Amino acid sequence: MTPRSMPHEFVQLQTTLDDREAAEELIRAAVERRLAACGQLLGPVNSTYWWNGAIEEAEEWLCVFKTTAALAAVLERWIVERHPYEVPEVVTIGMSGVSDTYGEWNTDETEE
């Protein structure tokens with residue numbers, strides 16, 4: 001089977017941080033530890049959300065990590081342990097239709 005025919009073998013995890021430097025450091029550390037093959041930083045993004053009974057607004061940075069499904073839970077725990085928020089957003093999204101070469105690269109870069 002090729003990566004294209006194995007839906008959700010690859011995933012993206014995303015989280016947000018309110019500090020660009022901290023977001024850059026989180027991404028770099030995850031890639032250095034080979035928990036993710038790639039990390040992308042988007043933003044700033046404007047977030048509106050309920051917190052402690054009130055609507056809050058914040059400028060945040062969106063971190064997107066590309067990894068294998070096998071590492072998703074490990075990466076999620078690693079992010080939560082380092083995240084400064086009391087309730088960090090960590091969302092895992094399955095990637096389907098991944099090209100063979102991208103899937104191979106993702107796998108190669110997340111194996112030690």
# chains A, B, ... in the order shown; residues from 1 in each chain; ligands from 1
>>> residues_around(residues="Glu111 in chain A", least_positions_apart="5", cutoff="9 Å", atoms="only C-alpha atoms", output="ChimeraX atom specification")
/A:34-35,106
>>> atom_distance(atom1="CA of Ala54 in chain A", atom2="CA of Val91 in chain A")
23.0 Å
>>> closest_residue(among="A:Thr101, A:Thr92, A:Asn52, A:Ser47", to="Phe65 in chain A", atoms="only C-alpha atoms")
A:Thr92
>>> select_by_dssp(residues="chain A", states="strand (DSSP E)", output="ChimeraX atom specification")
/A:10-17,38-51,54-68,91-95
>>> write_last_selection(atoms="N, CA and C atoms", output="short mmCIF file (atom, residue, chain, number, x, y, z; two decimals), in the first residue's frame")
data_model
loop_
_atom_site.label_atom_id
_atom_site.label_comp_id
_atom_site.auth_asym_id
_atom_site.auth_seq_id
_atom_site.Cartn_x
_atom_site.Cartn_y
_atom_site.Cartn_z
N PHE A 10 -1.16 9.91 8.14
CA PHE A 10 -0.49 11.17 8.43
C PHE A 10 -1.50 12.15 8.99
N VAL A 11 -1.04 12.98 9.90
CA VAL A 11 -1.94 13.93 10.55
C VAL A 11 -1.26 15.29 10.70
N GLN A 12 -2.09 16.28 10.94
CA GLN A 12 -1.64 17.61 11.34
C GLN A 12 -2.18 17.85 12.74
N LEU A 13 -1.33 18.36 13.61
CA LEU A 13 -1.78 18.82 14.92
C LEU A 13 -1.64 20.33 14.90
N GLN A 14 -2.59 21.01 15.51
CA GLN A 14 -2.48 22.45 15.57
C GLN A 14 -2.75 22.94 16.99
N THR A 15 -2.09 24.03 17.32
CA THR A 15 -2.29 24.70 18.59
C THR A 15 -2.07 26.19 18.36
N THR A 16 -2.45 27.00 19.34
CA THR A 16 -2.22 28.43 19.26
C THR A 16 -1.46 28.90 20.49
N LEU A 17 -0.66 29.93 20.30
CA LEU A 17 0.07 30.58 21.39
C LEU A 17 -0.06 32.08 21.21
N CYS A 38 7.59 18.57 10.05
CA CYS A 38 7.49 19.97 9.64
C CYS A 38 6.60 20.70 10.62
N GLY A 39 6.89 21.96 10.81
CA GLY A 39 6.01 22.82 11.59
C GLY A 39 5.86 24.13 10.85
N GLN A 40 4.66 24.67 10.87
CA GLN A 40 4.40 25.95 10.21
C GLN A 40 3.78 26.91 11.20
N LEU A 41 4.15 28.17 11.05
CA LEU A 41 3.63 29.23 11.91
C LEU A 41 2.81 30.18 11.06
N LEU A 42 1.57 30.39 11.43
CA LEU A 42 0.68 31.30 10.71
C LEU A 42 0.20 32.38 11.67
N GLY A 43 0.06 33.56 11.15
CA GLY A 43 -0.50 34.59 12.00
C GLY A 43 0.19 35.92 11.84
N PRO A 44 -0.24 36.81 12.67
CA PRO A 44 -1.15 36.54 13.77
C PRO A 44 -2.58 36.31 13.31
N VAL A 45 -3.31 35.55 14.12
CA VAL A 45 -4.73 35.32 13.90
C VAL A 45 -5.48 35.94 15.08
N ASN A 46 -6.68 36.38 14.83
CA ASN A 46 -7.50 36.95 15.89
C ASN A 46 -8.48 35.89 16.37
N SER A 47 -8.45 35.63 17.66
CA SER A 47 -9.32 34.62 18.25
C SER A 47 -10.36 35.27 19.15
N THR A 48 -11.58 34.79 19.07
CA THR A 48 -12.67 35.22 19.94
C THR A 48 -13.24 33.96 20.58
N TYR A 49 -13.34 33.95 21.91
CA TYR A 49 -13.70 32.72 22.61
C TYR A 49 -14.27 33.03 24.00
N TRP A 50 -15.00 32.06 24.54
CA TRP A 50 -15.49 32.16 25.91
C TRP A 50 -14.37 31.75 26.85
N TRP A 51 -14.18 32.51 27.93
CA TRP A 51 -13.22 32.13 28.97
C TRP A 51 -13.71 32.70 30.30
N ALA A 54 -16.88 34.97 30.17
CA ALA A 54 -16.87 36.21 29.38
C ALA A 54 -16.28 35.94 28.00
N ILE A 55 -16.67 36.74 27.05
CA ILE A 55 -16.09 36.64 25.71
C ILE A 55 -14.77 37.40 25.71
N GLU A 56 -13.72 36.70 25.28
CA GLU A 56 -12.38 37.28 25.22
C GLU A 56 -11.94 37.38 23.77
N GLU A 57 -11.01 38.25 23.50
CA GLU A 57 -10.39 38.35 22.18
C GLU A 57 -8.89 38.41 22.38
N ALA A 58 -8.16 37.74 21.49
CA ALA A 58 -6.71 37.71 21.62
C ALA A 58 -6.07 37.58 20.25
N GLU A 59 -4.87 38.10 20.15
CA GLU A 59 -4.04 37.89 18.96
C GLU A 59 -3.16 36.68 19.27
N GLU A 60 -3.22 35.68 18.39
CA GLU A 60 -2.48 34.44 18.62
C GLU A 60 -1.73 34.04 17.35
N TRP A 61 -0.86 33.07 17.53
CA TRP A 61 -0.08 32.48 16.44
C TRP A 61 -0.49 31.03 16.32
N LEU A 62 -0.84 30.60 15.11
CA LEU A 62 -1.29 29.24 14.86
C LEU A 62 -0.09 28.38 14.46
N CYS A 63 0.15 27.33 15.23
CA CYS A 63 1.23 26.38 14.96
C CYS A 63 0.62 25.13 14.36
N VAL A 64 1.13 24.68 13.22
CA VAL A 64 0.65 23.48 12.55
C VAL A 64 1.82 22.52 12.42
N PHE A 65 1.65 21.32 12.95
CA PHE A 65 2.69 20.29 12.93
C PHE A 65 2.26 19.17 12.01
N LYS A 66 3.15 18.70 11.13
CA LYS A 66 2.87 17.56 10.24
C LYS A 66 3.65 16.36 10.78
N THR A 67 2.93 15.26 11.00
CA THR A 67 3.56 14.08 11.57
C THR A 67 2.81 12.82 11.15
N THR A 68 3.26 11.70 11.67
CA THR A 68 2.58 10.43 11.40
C THR A 68 1.49 10.21 12.45
N VAL A 91 -5.55 20.20 18.36
CA VAL A 91 -6.50 19.56 17.45
C VAL A 91 -5.71 18.69 16.48
N THR A 92 -6.16 17.45 16.31
CA THR A 92 -5.52 16.54 15.36
C THR A 92 -6.45 16.35 14.18
N ILE A 93 -5.89 16.55 12.98
CA ILE A 93 -6.67 16.44 11.75
C ILE A 93 -6.01 15.40 10.86
N GLY A 94 -6.75 14.39 10.45
CA GLY A 94 -6.23 13.37 9.56
C GLY A 94 -5.97 13.93 8.17
N MET A 95 -4.88 13.50 7.58
CA MET A 95 -4.53 13.94 6.23
C MET A 95 -4.79 12.77 5.28
#
>>> decode(residues="range 55-85 of chain A", atoms="N, CA and C atoms", output="mmCIF file, in the first residue's frame")
data_model
loop_
_atom_site.group_PDB
_atom_site.id
_atom_site.type_symbol
_atom_site.label_atom_id
_atom_site.label_comp_id
_atom_site.auth_asym_id
_atom_site.auth_seq_id
_atom_site.Cartn_x
_atom_site.Cartn_y
_atom_site.Cartn_z
ATOM 1 N N ILE A 55 -16.675 36.744 27.045
ATOM 2 C CA ILE A 55 -16.088 36.640 25.710
ATOM 3 C C ILE A 55 -14.769 37.398 25.713
ATOM 4 N N GLU A 56 -13.721 36.705 25.280
ATOM 5 C CA GLU A 56 -12.376 37.278 25.220
ATOM 6 C C GLU A 56 -11.943 37.378 23.767
ATOM 7 N N GLU A 57 -11.014 38.254 23.498
ATOM 8 C CA GLU A 57 -10.387 38.354 22.178
ATOM 9 C C GLU A 57 -8.886 38.415 22.379
ATOM 10 N N ALA A 58 -8.162 37.743 21.493
ATOM 11 C CA ALA A 58 -6.709 37.713 21.622
ATOM 12 C C ALA A 58 -6.067 37.579 20.249
ATOM 13 N N GLU A 59 -4.870 38.101 20.148
ATOM 14 C CA GLU A 59 -4.040 37.885 18.965
ATOM 15 C C GLU A 59 -3.165 36.680 19.271
ATOM 16 N N GLU A 60 -3.216 35.682 18.390
ATOM 17 C CA GLU A 60 -2.476 34.443 18.618
ATOM 18 C C GLU A 60 -1.730 34.042 17.351
ATOM 19 N N TRP A 61 -0.858 33.067 17.529
ATOM 20 C CA TRP A 61 -0.083 32.477 16.435
ATOM 21 C C TRP A 61 -0.490 31.029 16.316
ATOM 22 N N LEU A 62 -0.837 30.599 15.112
ATOM 23 C CA LEU A 62 -1.286 29.239 14.858
ATOM 24 C C LEU A 62 -0.088 28.381 14.464
ATOM 25 N N CYS A 63 0.147 27.333 15.228
ATOM 26 C CA CYS A 63 1.227 26.383 14.955
ATOM 27 C C CYS A 63 0.616 25.126 14.361
ATOM 28 N N VAL A 64 1.129 24.683 13.218
ATOM 29 C CA VAL A 64 0.646 23.479 12.551
ATOM 30 C C VAL A 64 1.818 22.520 12.421
ATOM 31 N N PHE A 65 1.651 21.317 12.949
ATOM 32 C CA PHE A 65 2.694 20.291 12.928
ATOM 33 C C PHE A 65 2.255 19.166 12.005
ATOM 34 N N LYS A 66 3.152 18.696 11.130
ATOM 35 C CA LYS A 66 2.872 17.564 10.237
ATOM 36 C C LYS A 66 3.647 16.364 10.779
ATOM 37 N N THR A 67 2.926 15.259 10.996
ATOM 38 C CA THR A 67 3.565 14.080 11.569
ATOM 39 C C THR A 67 2.815 12.818 11.146
ATOM 40 N N THR A 68 3.258 11.696 11.673
ATOM 41 C CA THR A 68 2.577 10.432 11.399
ATOM 42 C C THR A 68 1.491 10.206 12.447
ATOM 43 N N ALA A 69 0.492 9.424 12.080
ATOM 44 C CA ALA A 69 -0.567 9.097 13.028
ATOM 45 C C ALA A 69 0.009 8.362 14.236
ATOM 46 N N ALA A 70 1.047 7.573 14.010
ATOM 47 C CA ALA A 70 1.667 6.821 15.100
ATOM 48 C C ALA A 70 2.269 7.736 16.165
ATOM 49 N N LEU A 71 2.695 8.931 15.779
ATOM 50 C CA LEU A 71 3.305 9.871 16.728
ATOM 51 C C LEU A 71 2.333 10.920 17.262
ATOM 52 N N ALA A 72 1.110 10.924 16.793
ATOM 53 C CA ALA A 72 0.168 11.989 17.145
ATOM 54 C C ALA A 72 -0.046 12.111 18.651
ATOM 55 N N ALA A 73 -0.285 11.019 19.337
ATOM 56 C CA ALA A 73 -0.542 11.081 20.780
ATOM 57 C C ALA A 73 0.699 11.536 21.540
ATOM 58 N N VAL A 74 1.865 11.084 21.107
ATOM 59 C CA VAL A 74 3.120 11.493 21.746
ATOM 60 C C VAL A 74 3.329 12.987 21.561
ATOM 61 N N LEU A 75 3.122 13.481 20.340
ATOM 62 C CA LEU A 75 3.285 14.907 20.064
ATOM 63 C C LEU A 75 2.256 15.724 20.858
ATOM 64 N N GLU A 76 1.027 15.256 20.932
ATOM 65 C CA GLU A 76 0.002 15.979 21.687
ATOM 66 C C GLU A 76 0.415 16.121 23.154
ATOM 67 N N ARG A 77 0.831 15.026 23.786
ATOM 68 C CA ARG A 77 1.265 15.089 25.188
ATOM 69 C C ARG A 77 2.442 16.038 25.349
ATOM 70 N N TRP A 78 3.388 15.966 24.427
ATOM 71 C CA TRP A 78 4.580 16.815 24.472
ATOM 72 C C TRP A 78 4.184 18.292 24.394
ATOM 73 N N ILE A 79 3.254 18.636 23.501
ATOM 74 C CA ILE A 79 2.787 20.020 23.369
ATOM 75 C C ILE A 79 2.103 20.463 24.663
ATOM 76 N N VAL A 80 1.186 19.653 25.178
ATOM 77 C CA VAL A 80 0.426 20.018 26.377
ATOM 78 C C VAL A 80 1.367 20.240 27.569
ATOM 79 N N GLU A 81 2.396 19.402 27.702
ATOM 80 C CA GLU A 81 3.342 19.549 28.813
ATOM 81 C C GLU A 81 4.105 20.874 28.765
ATOM 82 N N ARG A 82 4.290 21.440 27.583
ATOM 83 C CA ARG A 82 5.083 22.657 27.416
ATOM 84 C C ARG A 82 4.242 23.909 27.183
ATOM 85 N N HIS A 83 2.957 23.722 27.019
ATOM 86 C CA HIS A 83 2.088 24.832 26.623
ATOM 87 C C HIS A 83 1.799 25.744 27.808
ATOM 88 N N PRO A 84 1.858 27.059 27.604
ATOM 89 C CA PRO A 84 1.620 27.977 28.721
ATOM 90 C C PRO A 84 0.136 28.178 29.075
ATOM 91 N N TYR A 85 -0.779 27.773 28.211
ATOM 92 C CA TYR A 85 -2.206 27.989 28.481
ATOM 93 C C TYR A 85 -2.726 26.964 29.479
#
